[in-house]
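Undergrad: File follows, protein39.cif with mmCIF, N, CA and C atoms:
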```
data_data
#
loop_
_atom_site.label_atom_id
_atom_site.label_comp_id
_atom_site.auth_asym_id
_atom_site.auth_seq_id
_atom_site.Cartn_x
_atom_site.Cartn_y
_atom_site.Cartn_z
N MET S 1 59.27 38.86 22.61
CA MET S 1 60.15 39.93 23.04
C MET S 1 61.24 39.35 23.93
N VAL S 2 62.42 39.91 23.81
CA VAL S 2 63.58 39.46 24.59
C VAL S 2 63.74 40.38 25.79
N VAL S 3 64.00 39.78 26.97
CA VAL S 3 64.16 40.55 28.20
C VAL S 3 65.46 40.15 28.90
N ILE S 4 65.98 41.08 29.67
CA ILE S 4 67.12 40.79 30.54
C ILE S 4 66.55 40.74 31.94
N ARG S 5 66.69 39.60 32.60
CA ARG S 5 66.08 39.43 33.91
C ARG S 5 66.94 38.54 34.80
N LEU S 6 66.48 38.39 36.05
CA LEU S 6 67.18 37.56 37.01
C LEU S 6 66.58 36.17 37.04
N SER S 7 67.44 35.17 37.14
CA SER S 7 67.01 33.79 37.28
C SER S 7 67.54 33.30 38.63
N ARG S 8 66.65 32.88 39.51
CA ARG S 8 67.05 32.55 40.87
C ARG S 8 67.65 31.15 40.97
N THR S 9 68.75 31.08 41.69
CA THR S 9 69.36 29.81 42.07
C THR S 9 69.68 29.92 43.55
N GLY S 10 70.42 28.99 44.09
CA GLY S 10 70.77 29.04 45.50
C GLY S 10 69.81 28.20 46.31
N THR S 11 69.93 28.30 47.62
CA THR S 11 69.12 27.49 48.52
C THR S 11 68.11 28.37 49.24
N ASN S 12 67.33 27.75 50.10
CA ASN S 12 66.38 28.51 50.90
C ASN S 12 67.12 29.50 51.79
N LYS S 13 66.63 30.70 51.86
CA LYS S 13 67.18 31.78 52.68
C LYS S 13 68.55 32.27 52.21
N ARG S 14 69.08 31.76 51.10
CA ARG S 14 70.36 32.20 50.56
C ARG S 14 70.24 32.37 49.04
N PRO S 15 69.56 33.42 48.60
CA PRO S 15 69.34 33.59 47.17
C PRO S 15 70.62 33.96 46.41
N PHE S 16 70.66 33.54 45.17
CA PHE S 16 71.74 33.88 44.24
C PHE S 16 71.07 33.95 42.88
N TYR S 17 71.38 34.98 42.13
CA TYR S 17 70.69 35.20 40.86
C TYR S 17 71.68 35.26 39.70
N HIS S 18 71.30 34.67 38.58
CA HIS S 18 72.03 34.83 37.33
C HIS S 18 71.29 35.89 36.52
N VAL S 19 72.05 36.79 35.91
CA VAL S 19 71.46 37.79 35.01
C VAL S 19 71.46 37.14 33.63
N VAL S 20 70.27 36.94 33.06
CA VAL S 20 70.15 36.22 31.80
C VAL S 20 69.32 37.00 30.79
N VAL S 21 69.54 36.66 29.53
CA VAL S 21 68.71 37.16 28.43
C VAL S 21 67.78 36.00 28.06
N ALA S 22 66.49 36.26 28.06
CA ALA S 22 65.52 35.20 27.80
C ALA S 22 64.33 35.73 27.02
N ASP S 23 63.61 34.81 26.42
CA ASP S 23 62.34 35.14 25.79
C ASP S 23 61.34 35.39 26.91
N ARG S 24 60.53 36.40 26.77
CA ARG S 24 59.57 36.77 27.81
C ARG S 24 58.62 35.63 28.15
N ARG S 25 58.34 34.74 27.19
CA ARG S 25 57.38 33.66 27.40
C ARG S 25 57.94 32.50 28.21
N MET S 26 59.26 32.44 28.39
CA MET S 26 59.87 31.35 29.15
C MET S 26 59.70 31.58 30.66
N PRO S 27 59.68 30.50 31.45
CA PRO S 27 59.57 30.66 32.90
C PRO S 27 60.79 31.36 33.48
N ARG S 28 60.64 31.88 34.68
CA ARG S 28 61.72 32.65 35.32
C ARG S 28 63.03 31.87 35.37
N ASP S 29 62.98 30.63 35.79
CA ASP S 29 64.19 29.82 35.93
C ASP S 29 64.35 28.84 34.77
N GLY S 30 63.63 29.07 33.69
CA GLY S 30 63.65 28.16 32.56
C GLY S 30 64.76 28.46 31.56
N ARG S 31 64.48 28.12 30.32
CA ARG S 31 65.47 28.27 29.26
C ARG S 31 65.80 29.75 29.01
N TYR S 32 67.07 30.00 28.74
CA TYR S 32 67.50 31.36 28.45
C TYR S 32 68.41 31.36 27.23
N ILE S 33 68.66 32.53 26.68
CA ILE S 33 69.48 32.67 25.48
C ILE S 33 70.96 32.78 25.86
N GLU S 34 71.25 33.65 26.83
CA GLU S 34 72.64 33.88 27.22
C GLU S 34 72.70 34.33 28.68
N ARG S 35 73.74 33.89 29.38
CA ARG S 35 73.96 34.32 30.76
C ARG S 35 74.94 35.49 30.72
N LEU S 36 74.56 36.60 31.35
CA LEU S 36 75.36 37.82 31.30
C LEU S 36 76.16 38.09 32.56
N GLY S 37 75.88 37.38 33.62
CA GLY S 37 76.60 37.61 34.87
C GLY S 37 75.80 37.09 36.03
N TYR S 38 76.12 37.62 37.23
CA TYR S 38 75.40 37.17 38.41
C TYR S 38 75.20 38.32 39.39
N PHE S 39 74.26 38.13 40.31
CA PHE S 39 73.95 39.08 41.36
C PHE S 39 73.81 38.31 42.66
N ASN S 40 74.60 38.69 43.66
CA ASN S 40 74.56 38.05 44.97
C ASN S 40 74.09 39.09 45.99
N PRO S 41 72.80 39.08 46.35
CA PRO S 41 72.27 40.12 47.23
C PRO S 41 72.76 40.03 48.67
N ILE S 42 73.31 38.89 49.08
CA ILE S 42 73.78 38.76 50.46
C ILE S 42 75.30 38.66 50.52
N ALA S 43 75.98 39.27 49.57
CA ALA S 43 77.44 39.25 49.54
C ALA S 43 77.98 39.97 50.77
N ALA S 44 78.97 39.36 51.39
CA ALA S 44 79.58 39.94 52.58
C ALA S 44 81.10 39.84 52.45
N GLY S 45 81.77 40.74 53.10
CA GLY S 45 83.24 40.70 53.07
C GLY S 45 83.77 41.06 51.70
N LYS S 46 84.64 40.20 51.17
CA LYS S 46 85.27 40.45 49.88
C LYS S 46 84.52 39.82 48.71
N GLU S 47 83.34 39.28 48.97
CA GLU S 47 82.55 38.71 47.89
C GLU S 47 82.06 39.81 46.96
N ILE S 48 81.95 39.48 45.68
CA ILE S 48 81.51 40.44 44.69
C ILE S 48 79.99 40.35 44.56
N PRO S 49 79.26 41.45 44.84
CA PRO S 49 77.80 41.37 44.78
C PRO S 49 77.23 41.36 43.37
N LEU S 50 77.91 41.99 42.41
CA LEU S 50 77.39 42.06 41.05
C LEU S 50 78.54 41.96 40.06
N CYS S 51 78.42 41.03 39.13
CA CYS S 51 79.43 40.86 38.10
C CYS S 51 78.70 40.70 36.77
N LEU S 52 79.05 41.55 35.81
CA LEU S 52 78.37 41.56 34.52
C LEU S 52 79.37 41.60 33.37
N LYS S 53 78.98 41.03 32.26
CA LYS S 53 79.70 41.20 31.00
C LYS S 53 79.07 42.42 30.34
N THR S 54 79.61 43.60 30.64
CA THR S 54 78.97 44.84 30.22
C THR S 54 78.91 44.99 28.71
N ASP S 55 79.89 44.44 27.99
CA ASP S 55 79.84 44.55 26.54
C ASP S 55 78.65 43.78 25.98
N ARG S 56 78.35 42.62 26.56
CA ARG S 56 77.20 41.83 26.12
C ARG S 56 75.88 42.48 26.56
N VAL S 57 75.87 43.10 27.73
CA VAL S 57 74.67 43.81 28.17
C VAL S 57 74.36 44.95 27.20
N GLU S 58 75.38 45.72 26.85
CA GLU S 58 75.19 46.82 25.89
C GLU S 58 74.72 46.29 24.54
N TYR S 59 75.26 45.14 24.12
CA TYR S 59 74.84 44.55 22.85
C TYR S 59 73.35 44.22 22.88
N TRP S 60 72.91 43.53 23.92
CA TRP S 60 71.50 43.13 23.99
C TRP S 60 70.56 44.32 24.12
N LEU S 61 71.00 45.35 24.85
CA LEU S 61 70.17 46.55 24.95
C LEU S 61 70.06 47.23 23.59
N SER S 62 71.15 47.22 22.81
CA SER S 62 71.11 47.82 21.47
C SER S 62 70.23 47.02 20.52
N GLN S 63 70.05 45.73 20.79
CA GLN S 63 69.21 44.88 19.96
C GLN S 63 67.74 44.96 20.36
N GLY S 64 67.43 45.74 21.40
CA GLY S 64 66.03 45.94 21.79
C GLY S 64 65.57 45.14 22.98
N ALA S 65 66.49 44.47 23.69
CA ALA S 65 66.09 43.72 24.88
C ALA S 65 65.67 44.69 25.98
N GLN S 66 64.60 44.34 26.69
CA GLN S 66 64.07 45.18 27.75
C GLN S 66 64.51 44.64 29.11
N PRO S 67 65.21 45.43 29.92
CA PRO S 67 65.59 44.94 31.26
C PRO S 67 64.39 44.97 32.20
N SER S 68 64.35 44.01 33.12
CA SER S 68 63.31 44.03 34.15
C SER S 68 63.57 45.21 35.07
N ASP S 69 62.63 45.51 35.93
CA ASP S 69 62.78 46.65 36.84
C ASP S 69 64.01 46.49 37.73
N ARG S 70 64.20 45.30 38.28
CA ARG S 70 65.33 45.06 39.18
C ARG S 70 66.66 45.13 38.42
N VAL S 71 66.72 44.54 37.25
CA VAL S 71 67.94 44.58 36.46
C VAL S 71 68.24 46.02 36.03
N ASP S 72 67.22 46.78 35.71
CA ASP S 72 67.42 48.18 35.34
C ASP S 72 68.05 48.96 36.48
N SER S 73 67.57 48.75 37.70
CA SER S 73 68.15 49.45 38.85
C SER S 73 69.57 48.97 39.12
N LEU S 74 69.84 47.68 38.92
CA LEU S 74 71.21 47.17 39.10
C LEU S 74 72.15 47.79 38.07
N LEU S 75 71.69 47.92 36.84
CA LEU S 75 72.52 48.52 35.79
C LEU S 75 72.81 49.99 36.10
N LYS S 76 71.82 50.71 36.60
CA LYS S 76 72.03 52.11 36.94
C LYS S 76 73.04 52.25 38.06
N ASP S 77 72.94 51.40 39.09
CA ASP S 77 73.91 51.43 40.19
C ASP S 77 75.30 51.05 39.68
N TRP S 78 75.37 50.07 38.79
CA TRP S 78 76.63 49.61 38.21
C TRP S 78 77.31 50.76 37.46
N LYS S 79 76.54 51.49 36.65
CA LYS S 79 77.10 52.60 35.89
C LYS S 79 77.45 53.77 36.79
N LYS S 80 76.66 53.99 37.84
CA LYS S 80 76.92 55.08 38.77
C LYS S 80 78.25 54.88 39.50
N GLN S 81 78.59 53.62 39.80
CA GLN S 81 79.83 53.32 40.48
C GLN S 81 81.03 53.43 39.55
N GLY S 82 80.77 53.55 38.25
CA GLY S 82 81.86 53.70 37.30
C GLY S 82 82.60 52.40 37.04
N GLN S 83 81.89 51.30 37.13
CA GLN S 83 82.52 49.99 36.91
C GLN S 83 82.93 49.85 35.45
N THR S 84 84.01 49.15 35.23
CA THR S 84 84.44 48.83 33.89
C THR S 84 83.98 47.42 33.55
N ALA S 85 84.21 47.02 32.32
CA ALA S 85 83.79 45.69 31.89
C ALA S 85 84.49 44.63 32.72
N ALA S 86 83.71 43.69 33.22
CA ALA S 86 84.24 42.59 34.02
C ALA S 86 83.72 41.29 33.46
N GLU S 87 84.56 40.29 33.46
CA GLU S 87 84.14 38.98 32.95
C GLU S 87 83.45 38.22 34.07
N ALA S 88 82.26 37.76 33.79
CA ALA S 88 81.53 36.95 34.77
C ALA S 88 82.03 35.51 34.69
N ALA S 89 82.09 34.91 35.84
CA ALA S 89 82.56 33.52 35.89
C ALA S 89 81.49 32.58 35.39
#
```
Could you write out this structure as structure tokens?

TA:
Amino acid sequence: MVVIRLSRTGTNKRPFYHVVVADRRMPRDGRYIERLGYFNPIAAGKEIPLCLKTDRVEYWLSQGAQPSDRVDSLLKDWKKQGQTAAEAA
């Protein structure tokens, strides 16, 4: 099964997550199919806390990918704010 989940990067006490599409059997920070964006939980000032390729997210959801609980809540907040498609770096 394919899932949309967070893959942790960054240093100790400064987490940074990539939103990725991966096979459920792969490790959290292991191999993934596609990177869809990023999530920075400690964004301050003018930093962008969440950046997603929404067209690709919609594509993977239409193909049956299951978002993790955290990604699901991030997507709901993203849609609630009325964000438009943004290209992730």

Undergrad: Write out as a PyMOL selection string the set of residues from chain S that DSSP, computed on the backbone, places in strand (DSSP E or B).

TA: chain S and resi 2-11+14-23+34-39+50-52+66-67

Undergrad: State, in Å with one decimal place, the distance from atom CA of Ser68 of chain S to atom CA of Ile48 of chain S.

TA: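 Going from atom CA of Ser68 of chain S over to atom CA of Ile48 of chain S, I get 21.3 Å.
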
Undergrad: Rounded to one decimal place, report the atom CA of Phe16 of chain S-atom N of Cys51 of chain S distance in Å.

TA: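 Atom-to-atom, atom CA of Phe16 of chain S to atom N of Cys51 of chain S, that is 11.0 Å.
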
Undergrad: Choose the residue, out of S:Val19, S:Leu61, S:Ala44, S:Leu36, that has the smallest atom-to-atom separation from Val2 of chain S; count only C-alpha atoms.

TA: S:Leu61

Undergrad: So, counting all atoms listed in the file, which residue among S:Asn40, S:Gln81, S:Thr54, S:Gln66 is closest to Arg5 of chain S?

TA: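 The shortest atom-to-atom distance to Arg5 of chain S comes from S:Gln66.
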
Undergrad: May I have all residues of segment 15-77 of chain S that DSSP, computed from the backbone, assigns to helix (DSSP H, G or I), given as a VMD selection string?

TA: chain S and resid 54 to 62 69 to 77

Undergrad: Name the residues that the PyMOL selection byres ((chain S and resi 25-30) around 7) pulls out of this structure, and write them as a ChimeraX atom specification.

TA: /S:1,6-8,22-24,31-32

Undergrad: Measure the distance from atom N of Glu34 of chain S to atom C of Lys79 of chain S in Å and round it to one decimal.

TA: 23.3 Å

Undergrad: For Ala65 of chain S, find every residue with an atom within 7 Å (counting all atoms listed in the file), except residues of its own chain fewer than 2 positions away, and show them as a ChimeraX atom specification.

TA: /S:1-4,59-63,67

Undergrad: Hey, what's within 6.5 Å of Tyr38 of chain S if we count only N, CA and C atoms and toss same-chain stuff fewer than 4 positions away? As a list of chain:residue names, please?

TA: S:Tyr17, S:His18, S:Val19, S:Pro49, S:Leu50, S:Cys51, S:Leu52, S:Ala88
